[in-house]
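Here's protein_39.cif, which has mmCIF, C-alpha atoms:
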data_protein
loop_
_atom_site.label_atom_id
_atom_site.label_comp_id
_atom_site.auth_asym_id
_atom_site.auth_seq_id
_atom_site.Cartn_x
_atom_site.Cartn_y
_atom_site.Cartn_z
CA MET A 16 2.70 -1.82 16.74
CA GLY A 17 3.47 -0.72 20.27
CA GLN A 18 7.18 -0.57 19.57
CA ALA A 19 6.56 1.34 16.34
CA LEU A 20 4.27 3.82 18.11
CA LEU A 21 6.67 4.50 20.98
CA HIS A 22 9.65 4.96 18.67
CA ALA A 23 7.70 7.18 16.27
CA ALA A 24 6.27 9.29 19.11
CA SER A 25 9.77 9.78 20.54
CA LEU A 26 11.13 11.00 17.21
CA TYR A 27 8.05 13.19 16.69
CA ALA A 28 8.55 14.81 20.11
CA GLU A 29 12.23 15.47 19.36
CA ALA A 30 11.29 17.10 16.05
CA SER A 31 8.81 19.22 18.00
CA GLY A 32 11.62 20.47 20.25
CA ARG A 33 11.15 18.31 23.35
CA ALA A 34 14.89 17.76 23.84
CA GLY A 35 15.49 21.49 24.16
CA GLY A 36 16.77 21.97 20.63
CA PRO A 37 15.12 23.98 17.89
CA ALA A 38 11.79 22.64 16.69
CA ALA A 39 11.28 21.70 13.06
CA LEU A 40 8.96 23.69 10.84
CA ALA A 41 5.41 23.06 11.98
CA GLN A 42 4.23 22.52 8.38
CA GLY A 43 6.51 19.48 8.15
CA LEU A 44 5.12 17.74 11.24
CA SER A 45 2.29 15.56 9.98
CA PRO A 46 0.79 12.81 12.19
CA LEU A 47 0.17 10.76 9.05
CA ASP A 48 3.89 10.47 8.28
CA GLY A 49 5.17 10.67 11.83
CA ILE A 50 2.75 8.39 13.70
CA LEU A 51 0.12 6.56 11.65
CA VAL A 52 2.26 5.21 8.80
CA PRO A 53 5.06 3.76 10.99
CA THR A 54 2.59 2.35 13.53
CA PHE A 55 0.51 0.47 10.96
CA GLY A 56 3.69 -0.39 9.09
CA ALA A 57 4.12 -3.08 11.75
CA PHE A 58 0.86 -4.60 10.50
CA ASP A 59 2.30 -4.66 6.98
CA LEU A 60 5.35 -6.55 8.25
CA ALA A 61 3.06 -9.14 9.84
CA VAL A 62 1.03 -9.48 6.65
CA THR A 63 4.21 -9.91 4.60
CA PHE A 64 6.10 -12.42 6.75
CA LEU A 65 3.64 -14.05 9.20
CA TYR A 66 0.10 -13.93 7.83
CA PRO A 67 0.75 -16.04 4.68
CA PHE A 68 1.63 -19.06 6.86
CA VAL A 69 -1.79 -18.87 8.52
CA ALA A 70 -3.64 -18.51 5.20
CA ILE A 71 -1.61 -21.28 3.57
CA ARG A 72 -2.40 -23.70 6.40
CA LEU A 73 -6.16 -23.41 5.85
CA VAL A 74 -5.75 -24.89 2.36
CA SER A 75 -2.67 -27.11 2.63
CA GLU A 76 -3.86 -28.84 5.81
CA GLU A 77 -6.98 -30.09 4.00
CA LYS A 78 -4.79 -31.53 1.26
CA ARG A 79 -2.45 -33.19 3.76
CA ASN A 80 -5.02 -34.97 5.91
CA GLY A 81 -7.47 -35.80 3.11
CA ALA A 82 -10.27 -33.59 4.41
CA GLY A 83 -10.31 -31.70 1.12
CA LYS A 84 -11.37 -34.80 -0.80
CA LEU A 85 -14.17 -35.46 1.66
CA LEU A 86 -15.37 -31.86 1.40
CA LEU A 87 -15.54 -32.20 -2.38
CA GLN A 88 -18.49 -34.53 -1.82
CA SER A 89 -20.41 -31.92 0.16
CA PRO A 90 -23.07 -29.69 -1.45
CA ALA A 91 -20.92 -26.59 -0.94
CA GLY A 92 -18.74 -25.66 -3.90
CA ILE A 93 -15.05 -24.84 -3.78
CA LEU A 94 -15.47 -21.09 -4.24
CA PRO A 95 -17.98 -20.77 -1.34
CA ARG A 96 -15.58 -22.73 0.87
CA LEU A 97 -12.72 -20.42 -0.04
CA ALA A 98 -14.98 -17.43 0.60
CA VAL A 99 -15.69 -18.74 4.12
CA LYS A 100 -11.96 -19.18 4.74
CA LEU A 101 -11.32 -15.65 3.49
CA SER A 102 -14.06 -14.23 5.72
CA THR A 103 -12.66 -16.03 8.77
CA LEU A 104 -9.16 -14.78 8.05
CA LEU A 105 -10.44 -11.23 7.65
CA VAL A 106 -12.31 -11.30 10.96
CA PHE A 107 -9.33 -12.48 12.97
CA SER A 108 -6.83 -10.37 11.04
CA LEU A 109 -8.84 -7.25 11.66
CA LEU A 110 -8.64 -8.02 15.37
CA ALA A 111 -4.94 -7.18 15.02
CA TRP A 112 -6.06 -3.67 14.10
CA ALA A 113 -7.21 -3.32 17.71
CA ALA A 114 -3.57 -2.77 18.64
CA GLY A 115 -3.28 -0.04 16.02
CA LEU A 116 -6.50 1.61 17.14
CA ALA A 117 -5.26 1.46 20.71
CA ALA A 118 -2.11 3.22 19.54
CA VAL A 119 -4.27 5.92 17.94
CA LEU A 120 -6.17 6.34 21.22
CA PHE A 121 -2.92 6.72 23.15
CA TRP A 122 -1.81 9.36 20.64
CA THR A 123 -5.07 11.35 20.75
CA SER A 124 -5.32 11.13 24.53
CA ALA A 125 -1.88 12.76 24.74
CA GLY A 126 -3.16 15.65 22.63
CA GLY A 127 -2.11 14.34 19.23
CA HIS A 128 -4.07 15.17 16.10
CA VAL A 129 -5.59 12.54 13.79
CA ALA A 130 -7.48 13.34 10.59
CA LEU A 131 -10.17 10.70 10.09
CA PRO A 132 -10.02 10.80 6.25
CA GLU A 133 -6.27 10.13 6.36
CA LEU A 134 -6.69 7.28 8.86
CA SER A 135 -9.60 5.71 6.96
CA ASN A 136 -7.70 5.81 3.67
CA LEU A 137 -4.64 4.24 5.31
CA LEU A 138 -6.74 1.42 6.80
CA LEU A 139 -8.32 0.81 3.40
CA GLY A 140 -4.87 0.39 1.90
CA HIS A 141 -3.88 -2.16 4.54
CA LEU A 142 -7.15 -4.02 4.01
CA LEU A 143 -6.51 -4.30 0.26
CA ARG A 144 -2.94 -5.40 1.01
CA LEU A 145 -4.33 -8.12 3.29
CA LEU A 146 -6.74 -9.34 0.60
CA LEU A 147 -3.94 -9.53 -1.95
CA ALA A 148 -1.76 -11.56 0.43
CA THR A 149 -4.67 -13.94 0.98
CA GLY A 150 -5.16 -14.50 -2.75
CA VAL A 151 -1.47 -15.22 -3.27
CA ALA A 152 -1.33 -17.60 -0.28
CA PHE A 153 -4.42 -19.54 -1.41
CA ALA A 154 -3.04 -19.87 -4.94
CA ALA A 155 0.35 -21.10 -3.72
CA ALA A 156 -1.18 -23.59 -1.27
CA SER A 157 -3.47 -25.07 -3.94
CA VAL A 158 -0.58 -25.84 -6.29
CA CYS A 159 2.16 -26.97 -3.87
CA ASP A 160 2.14 -30.31 -2.10
CA GLY A 161 2.94 -28.94 1.35
CA ALA A 162 2.78 -25.81 3.44
CA ALA A 163 6.57 -25.36 3.36
CA SER A 164 6.68 -25.34 -0.44
CA ALA A 165 3.75 -22.94 -0.60
CA ALA A 166 5.50 -20.62 1.86
CA ILE A 167 8.61 -20.58 -0.35
CA VAL A 168 6.49 -19.74 -3.41
CA THR A 169 4.74 -16.93 -1.53
CA LEU A 170 8.05 -15.51 -0.33
CA ALA A 171 9.42 -15.74 -3.87
CA PHE A 172 6.43 -13.72 -5.08
CA THR A 173 7.12 -11.05 -2.45
CA VAL A 174 10.83 -10.84 -3.28
CA GLY A 175 9.96 -10.74 -6.98
CA THR A 176 7.74 -7.70 -6.49
CA TRP A 177 10.57 -5.96 -4.61
CA ALA A 178 12.91 -6.68 -7.52
CA LEU A 179 10.33 -5.32 -9.95
CA ASP A 180 10.09 -2.09 -7.94
CA PHE A 181 13.87 -1.70 -8.06
CA VAL A 182 14.25 -2.48 -11.77
CA ALA A 183 11.30 -0.34 -12.89
CA ALA A 184 12.38 2.81 -11.01
CA GLY A 185 12.53 5.63 -13.52
CA ARG A 186 12.26 3.35 -16.56
CA GLY A 187 8.80 4.38 -17.73
CA GLY A 188 6.65 2.37 -20.14
CA TRP A 189 4.86 -0.86 -19.30
CA LEU A 190 7.47 -1.83 -16.71
CA GLU A 191 6.73 1.23 -14.60
CA ARG A 192 3.00 0.65 -14.97
CA ALA A 193 3.34 -2.93 -13.76
CA ALA A 194 5.54 -1.91 -10.82
CA GLY A 195 2.82 0.49 -9.66
CA PHE A 196 0.64 -2.51 -8.71
CA THR A 197 3.12 -4.35 -6.52
CA PRO A 198 2.05 -4.67 -2.85
CA THR A 199 4.73 -2.26 -1.61
CA ALA A 200 4.12 0.40 -4.26
CA GLY A 201 0.35 0.14 -3.96
CA LEU A 202 0.39 0.49 -0.18
CA ARG A 203 2.77 3.45 -0.49
CA VAL A 204 0.06 5.33 -2.41
CA PHE A 205 -2.34 4.99 0.52
CA GLU A 206 0.41 5.92 2.98
CA HIS A 207 0.79 9.21 1.10
CA GLY A 208 -2.89 9.96 1.68
CA GLU A 209 -4.08 9.22 -1.86
CA LEU A 210 -6.74 6.80 -3.06
CA ARG A 211 -6.22 5.74 -6.67
CA LEU A 212 -8.99 3.83 -8.34
CA SER A 213 -6.47 2.01 -10.52
CA VAL A 214 -4.53 0.62 -7.54
CA ALA A 215 -7.67 -0.41 -5.66
CA ALA A 216 -9.08 -2.14 -8.74
CA GLY A 217 -5.75 -3.85 -9.40
CA PHE A 218 -5.51 -5.20 -5.85
CA LEU A 219 -9.09 -6.48 -5.90
CA GLY A 220 -8.62 -8.05 -9.34
CA ALA A 221 -5.43 -9.82 -8.26
CA THR A 222 -7.17 -11.08 -5.10
CA ALA A 223 -10.08 -12.49 -7.08
CA ALA A 224 -7.67 -14.09 -9.55
CA GLY A 225 -5.74 -15.79 -6.74
CA ILE A 226 -8.93 -17.27 -5.26
CA VAL A 227 -10.19 -18.47 -8.64
CA PHE A 228 -6.73 -19.91 -9.39
CA ALA A 229 -6.87 -21.83 -6.10
CA ALA A 230 -10.35 -23.13 -6.91
CA VAL A 231 -9.11 -24.43 -10.28
CA TRP A 232 -6.24 -26.39 -8.73
CA MET A 233 -8.36 -27.75 -5.88
CA LYS A 234 -10.43 -29.73 -8.41
CA SER A 235 -8.24 -32.78 -8.04
CA TRP A 236 -10.48 -34.96 -10.22
CA GLU A 237 -9.67 -32.92 -13.33
CA SER A 238 -6.62 -33.65 -15.45
CA LEU A 239 -3.40 -31.72 -15.02
CA ARG A 240 -3.63 -30.38 -18.57
CA ARG A 241 -7.12 -28.99 -18.08
CA ARG A 242 -6.21 -27.29 -14.81
CA SER A 243 -3.06 -25.84 -16.39
CA VAL A 244 -5.02 -24.37 -19.29
CA ARG A 245 -7.63 -22.85 -16.98
CA SER A 246 -5.01 -21.39 -14.66
CA PHE A 247 -3.21 -19.85 -17.62
CA LEU A 248 -6.47 -18.24 -18.74
CA VAL A 249 -6.99 -16.87 -15.21
CA LEU A 250 -3.50 -15.34 -15.16
CA ALA A 251 -3.96 -13.87 -18.63
CA ALA A 252 -7.30 -12.39 -17.62
CA VAL A 253 -5.90 -10.76 -14.47
CA ALA A 254 -2.91 -9.38 -16.40
CA ALA A 255 -5.26 -7.82 -18.95
CA ALA A 256 -7.50 -6.47 -16.19
CA ILE A 257 -4.57 -4.87 -14.33
CA PHE A 258 -3.27 -3.37 -17.58
CA ALA A 259 -6.71 -1.91 -18.24
CA ALA A 260 -6.96 -0.68 -14.64
CA SER A 261 -3.71 1.25 -15.07
CA ASP A 262 -5.57 3.60 -17.41
CA LEU A 263 -8.07 4.58 -14.71
CA ARG A 264 -7.22 8.15 -13.80
CA SER A 265 -9.69 8.77 -10.99
CA SER A 266 -8.04 9.47 -7.66
CA TRP A 267 -8.81 11.29 -4.44
CA ASP A 268 -6.45 13.16 -2.17
CA PHE A 269 -7.35 12.53 1.48
CA SER A 270 -4.18 14.05 2.90
CA GLU A 271 -4.89 17.02 5.13
CA ASP A 272 -1.95 18.99 3.72
CA ARG A 273 -2.97 18.25 0.08
CA ARG A 274 0.48 16.87 -0.68
CA ASN A 275 -0.79 15.01 -3.73
CA SER A 276 -2.53 17.99 -5.32
CA PHE A 277 -1.88 21.37 -6.80
CA SER A 278 -3.95 24.28 -5.60
CA ARG A 279 -7.59 24.04 -6.58
CA ALA A 280 -7.20 26.95 -8.99
CA ASP A 281 -4.24 25.26 -10.72
CA GLU A 282 -6.10 21.96 -10.94
CA ALA A 283 -9.08 23.64 -12.59
CA ALA A 284 -6.79 25.39 -15.09
CA LEU A 285 -4.75 22.28 -15.94
CA ALA A 286 -7.90 20.24 -16.48
CA ARG A 287 -8.86 22.65 -19.27
CA ILE A 288 -5.76 21.89 -21.34
CA GLY A 289 -7.18 20.20 -24.43
CA GLN A 290 -3.85 19.29 -26.03
CA PRO A 291 -1.56 16.33 -25.33
CA VAL A 292 1.14 17.06 -22.77
CA VAL A 293 4.43 15.16 -23.13
CA VAL A 294 7.20 15.31 -20.52
CA THR A 295 10.62 13.90 -21.46
CA VAL A 296 12.85 13.47 -18.41
CA ASN A 297 16.59 13.01 -18.79
CA LEU A 298 17.33 12.16 -15.16
CA ALA A 299 18.66 8.86 -13.82
CA PRO A 300 16.57 6.81 -11.36
CA GLU A 301 19.04 7.43 -8.52
CA ASP A 302 19.12 11.18 -9.08
CA PRO A 303 17.36 12.99 -6.17
CA ARG A 304 16.01 15.52 -8.64
CA LEU A 305 13.95 12.79 -10.30
CA PHE A 306 12.34 11.91 -6.98
CA ASP A 307 11.50 15.58 -6.38
CA LEU A 308 10.07 15.89 -9.87
CA GLN A 309 7.93 12.77 -9.57
CA ARG A 310 6.53 13.60 -6.14
CA GLY A 311 6.21 17.34 -6.59
CA VAL A 312 5.06 17.65 -10.20
CA LEU A 313 4.51 14.50 -12.27
CA ALA A 314 2.31 12.63 -9.78
CA LYS A 315 0.11 15.71 -9.42
CA LEU A 316 -0.05 16.27 -13.16
CA ARG A 317 -1.26 12.69 -13.70
CA ARG A 318 -4.24 13.41 -11.48
CA VAL A 319 -5.55 16.40 -13.43
CA VAL A 320 -4.11 16.60 -16.97
CA PRO A 321 -6.41 14.70 -19.34
CA ASP A 322 -3.71 13.55 -21.81
CA LEU A 323 -0.28 13.24 -20.19
CA THR A 324 2.68 11.13 -21.33
CA VAL A 325 5.94 10.85 -19.38
CA ARG A 326 9.08 9.51 -21.05
CA TYR A 327 12.43 8.74 -19.43
CA ALA A 328 15.48 9.32 -21.62
CA ALA A 329 18.36 8.57 -19.23
CA GLN A 330 20.36 5.43 -20.07
CA SER A 331 22.09 4.81 -16.72
CA ARG A 332 20.91 4.43 -13.13
CA SER A 333 23.18 7.04 -11.55
CA GLY A 334 23.66 9.58 -14.35
CA LEU A 335 27.42 9.81 -13.68
CA PHE A 336 28.44 8.48 -17.08
CA GLU A 337 25.80 9.99 -19.36
CA SER A 338 27.27 11.14 -22.66
CA GLY A 339 26.54 14.56 -24.12
CA GLY A 340 25.36 17.66 -22.35
CA SER A 341 21.65 16.88 -22.33
CA TYR A 342 21.61 15.15 -18.97
CA GLY A 343 19.43 17.00 -16.50
CA GLU A 344 17.18 18.46 -19.18
CA ILE A 345 13.42 18.14 -18.79
CA TRP A 346 11.45 18.84 -21.96
CA TYR A 347 7.80 19.88 -21.77
CA GLN A 348 5.63 19.71 -24.87
CA VAL A 349 2.06 20.95 -25.08
CA GLY A 350 0.66 20.30 -28.51
CA SER A 351 3.38 21.39 -30.95
CA ARG A 352 5.18 23.80 -28.61
CA LYS A 353 8.22 22.63 -26.65
CA ALA A 354 10.46 24.09 -23.99
CA MET A 355 13.29 22.84 -21.78
CA LEU A 356 13.77 23.33 -18.08
CA ARG A 357 16.25 22.03 -15.54
CA SER A 358 14.24 23.08 -12.53
CA THR A 359 11.99 20.66 -10.64
CA ILE A 360 10.27 23.37 -8.58
CA GLU A 361 6.49 23.27 -8.87
CA PRO A 362 5.78 26.99 -9.56
CA VAL A 363 8.48 27.16 -12.26
CA VAL A 364 7.17 24.06 -14.03
CA LEU A 365 3.55 25.19 -13.89
CA GLU A 366 4.42 28.61 -15.26
CA GLU A 367 6.16 27.00 -18.25
CA ILE A 368 3.26 24.64 -18.92
CA TYR A 369 0.80 27.54 -18.87
CA ARG A 370 3.01 29.46 -21.29
CA LEU A 371 3.18 26.52 -23.71
CA ALA A 372 -0.57 26.02 -23.48
CA GLY A 373 -1.21 29.71 -24.15
CA MET A 374 -2.93 30.22 -20.81
CA SER A 375 -2.53 32.77 -18.07
CA PRO A 376 -1.57 31.39 -14.65
CA PRO A 377 -4.62 31.40 -12.36
CA ASP A 378 -4.81 33.33 -9.16
CA SER A 379 -4.24 30.77 -6.39
CA GLY A 380 -6.04 33.01 -3.93
CA GLY A 381 -3.55 32.41 -1.12
CA GLY A 382 -5.64 29.82 0.70
CA PRO A 383 -4.81 28.65 4.22
CA SER A 384 -1.63 26.61 4.47
CA TYR A 385 -1.21 23.40 6.40
CA PRO A 386 -0.56 24.36 10.04
CA GLY A 387 1.28 21.21 11.12
CA TYR A 388 0.80 19.57 14.49
CA PRO A 389 3.90 19.60 16.70
CA LEU A 390 3.55 17.69 19.96
CA ARG A 391 6.07 17.24 22.76
CA ALA A 392 3.97 14.96 24.98
CA ARG A 393 5.01 11.55 26.27
CA LEU A 394 2.73 8.54 25.87
CA ASP A 395 2.47 7.56 29.52
CA GLY A 396 1.32 4.01 30.07
CA ALA A 397 1.73 2.90 26.45
CA ALA A 398 4.80 0.79 27.20
CA TRP A 399 3.01 -1.07 30.02
CA PHE A 400 -0.03 -1.61 27.84
CA PHE A 401 1.80 -2.98 24.79
CA TYR A 402 4.64 -4.81 26.54
CA VAL A 403 2.81 -6.27 29.56
CA ALA A 404 -0.99 -6.00 29.48
CA TRP A 405 -1.49 -6.88 25.82
CA PRO A 406 0.73 -10.03 25.77
CA LEU A 407 -0.74 -11.16 29.09
CA ALA A 408 -4.30 -10.75 27.80
CA ALA A 409 -3.42 -12.62 24.60
CA GLY A 410 -1.88 -15.47 26.59
CA LEU A 411 -4.89 -15.77 28.88
CA ALA A 412 -7.23 -15.72 25.89
CA TYR A 413 -5.24 -18.54 24.29
CA VAL A 414 -5.42 -20.66 27.45
CA TRP A 415 -9.14 -19.96 27.84
CA THR A 416 -9.97 -20.92 24.26
CA ARG A 417 -8.06 -24.18 24.75
CA GLY A 418 -10.57 -25.05 27.46
CA PHE A 419 -8.03 -25.47 30.26
CA TRP A 420 -9.57 -23.02 32.71
CA ARG A 421 -13.14 -23.81 31.72
CA LYS A 422 -12.55 -27.47 32.55
CA ARG A 423 -11.02 -26.51 35.91
CA TRP A 424 -14.01 -24.29 36.80
CA ARG A 425 -16.47 -27.09 35.86
CA ASP A 426 -14.63 -29.45 38.20
CA VAL A 427 -14.83 -27.08 41.19
CA PRO A 428 -18.48 -27.85 42.12
CA ALA A 429 -17.84 -31.57 41.81
CA ARG A 430 -14.81 -31.42 44.10
CA ALA A 431 -16.71 -29.24 46.57
CA ALA A 432 -19.56 -31.76 46.74
#
Do you think you could lay out the structure here as structure tokens?
Amino acid sequence: MGQALLHAASLYAEASGRAGGPAALAQGLSPLDGILVPTFGAFDLAVTFLYPFVAIRLVSEEKRNGAGKLLLQSPAGILPRLAVKLSTLLVFSLLAWAAGLAAVLFWTSAGGHVALPELSNLLLGHLLRLLLATGVAFAAASVCDGAASAAIVTLAFTVGTWALDFVAAGRGGWLERAAGFTPTAGLRVFEHGELRLSVAAGFLGATAAGIVFAAVWMKSWESLRRRSVRSFLVLAAVAAAIFAASDLRSSWDFSEDRRNSFSRADEAALARIGQPVVVTVNLAPEDPRLFDLQRGVLAKLRRVVPDLTVRYAAQSRSGLFESGGSYGEIWYQVGSRKAMLRSTIEPVVLEEIYRLAGMSPPDSGGGPSYPGYPLRARLDGAAWFFYVAWPLAAGLAYVWTRGFWRKRWRDVPARAA
């Protein structure tokens, strides 16, 4: 986190004109993108590649040394035991956030701006990502014979979600809906300053399914067939729950620059459209225009239009070998009226949708624009804190908890006597 903060702050200062060159547009300098997301992105790397080994060990170690069989004879059930493990993991994992919060303090003490709603939403996303990783790790450890095998299964799950993100890009349909609940895609929503009820519900549902799945396989006295049937029912239930959660349309935009929203006047007008809106996009997944359309128009339309359907008509990934002259066309249909555009600019698209819906464009009112927060300051002392003081404190804490120094201090009075 310290390395991420220092690198991000250096780039942010250069964009603000610290090196003597021209400064970027102030409206494009957002602390959320420039500082908070890359800093806490280090926490996501730890959760992806390091944290699963810790969570797996809590379950696999009991299977290896036989303690799990002894604990089965205790009054506590399997689910309460897993809940205790989850609570312990959360407490010590959240301690890692202290480094991120220290980074935020360094940034604010240098004069940097932080919007609390943006920061809180980002932390919520990382918390849900942590819970999902715990559910997957518990499930893998309960099925596999050893920690190494469980780690391979967990890594395979992670790589599989990356492959799903790549394959589903721009495809539409159920594949795109499923890809929206992968850990990377779900966390990206929070990093953009948006809280989607569907993503939060999907993450929580998958976490609960992983813990229940682990509890099923930890009942070693039951037959393999019975555990297999129950685990299949758990997976089917979570798949159905995530599919149902994808229809939840409630979302909140916590970004200070309202990047995920139209103007309030446009949102109120679009919410009054009582007819189905269908958008047919003939752009390939690797076409930059599709990315602009999805971020600038389609994602915002999904938040406010009651009945919206998006279809992708392109047959290739690059669009270089599309037959016919229809490539690049974007068809908008409101009710029975249709029109074609090639532009992905927000005002042009909104004007066409209003025309098809038979509505007059609302007066946006010219509200205040996002000011941006350029900053050329240096984070003095941050390198010493993260590279020297923090590792030294962690090392001393480790030695102290091992009882080495406490034993030495207890022996001092005896030696003195």
Would you place a box with edges along x, y and z of the file around all atoms of segment 299-318 of chain A listed there, add 3 Å to each of its six sides, and report the centre and edge lengths in Å to one decimal, as lines of an AutoDock Vina configuration file?
center_x = 7.4
center_y = 12.2
center_z = -10.0
size_x = 29.4
size_y = 16.8
size_z = 13.7
Expected answer as number ranges by chain: all residues with atoms within 12 Å of (-9.7, 21.1, -5.7), all atoms listed in the file: A: 266-269, 273, 275-286, 315, 318-319, 379, 382
Option closest in space to Tyr327 of chain A, from A:Ala61, A:Leu313, A:Val296, A:Leu97 [counting all atoms listed in the file]: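 With all atoms listed in the file as the atom set, the closest residue is A:Val296.
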Pick from A:Phe68, A:Trp177, A:Phe121, A:Phe218 nearest to Phe153 of chain A, counting all atoms listed in the file: A:Phe68
Pick from A:Ala165, A:Leu371, A:Ile226, A:Leu44 nearest to Glu29 of chain A, counting all atoms listed in the file: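 Result for the nearest residue to Glu29 of chain A: A:Leu44.
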Near-Ser375 of chain A list (9 Å; all atoms listed in the file; drop same-chain fewer than 5 positions) as a count of residues only: 3
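Closest to Met374 of chain A among A:Leu298, A:Ile288, A:Leu411, A:Ala216 is A:Ile288, based on all atoms listed in the file.
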Residues within 10 Å of Arg72 of chain A, all atoms listed in the file, excluding chain neighbours under 6 positions, as a list of chain:residue names: A:Lys78, A:Arg79, A:Ala152, A:Phe153, A:Ala156, A:Gly161, A:Ala162, A:Ala163, A:Ala165, A:Ala166
Nearest-residue call for Leu179 of chain A, choices A:Phe64, A:Phe228, A:Phe196, A:Phe205, using all atoms listed in the file: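 The closest residue to Leu179 of chain A is A:Phe196.
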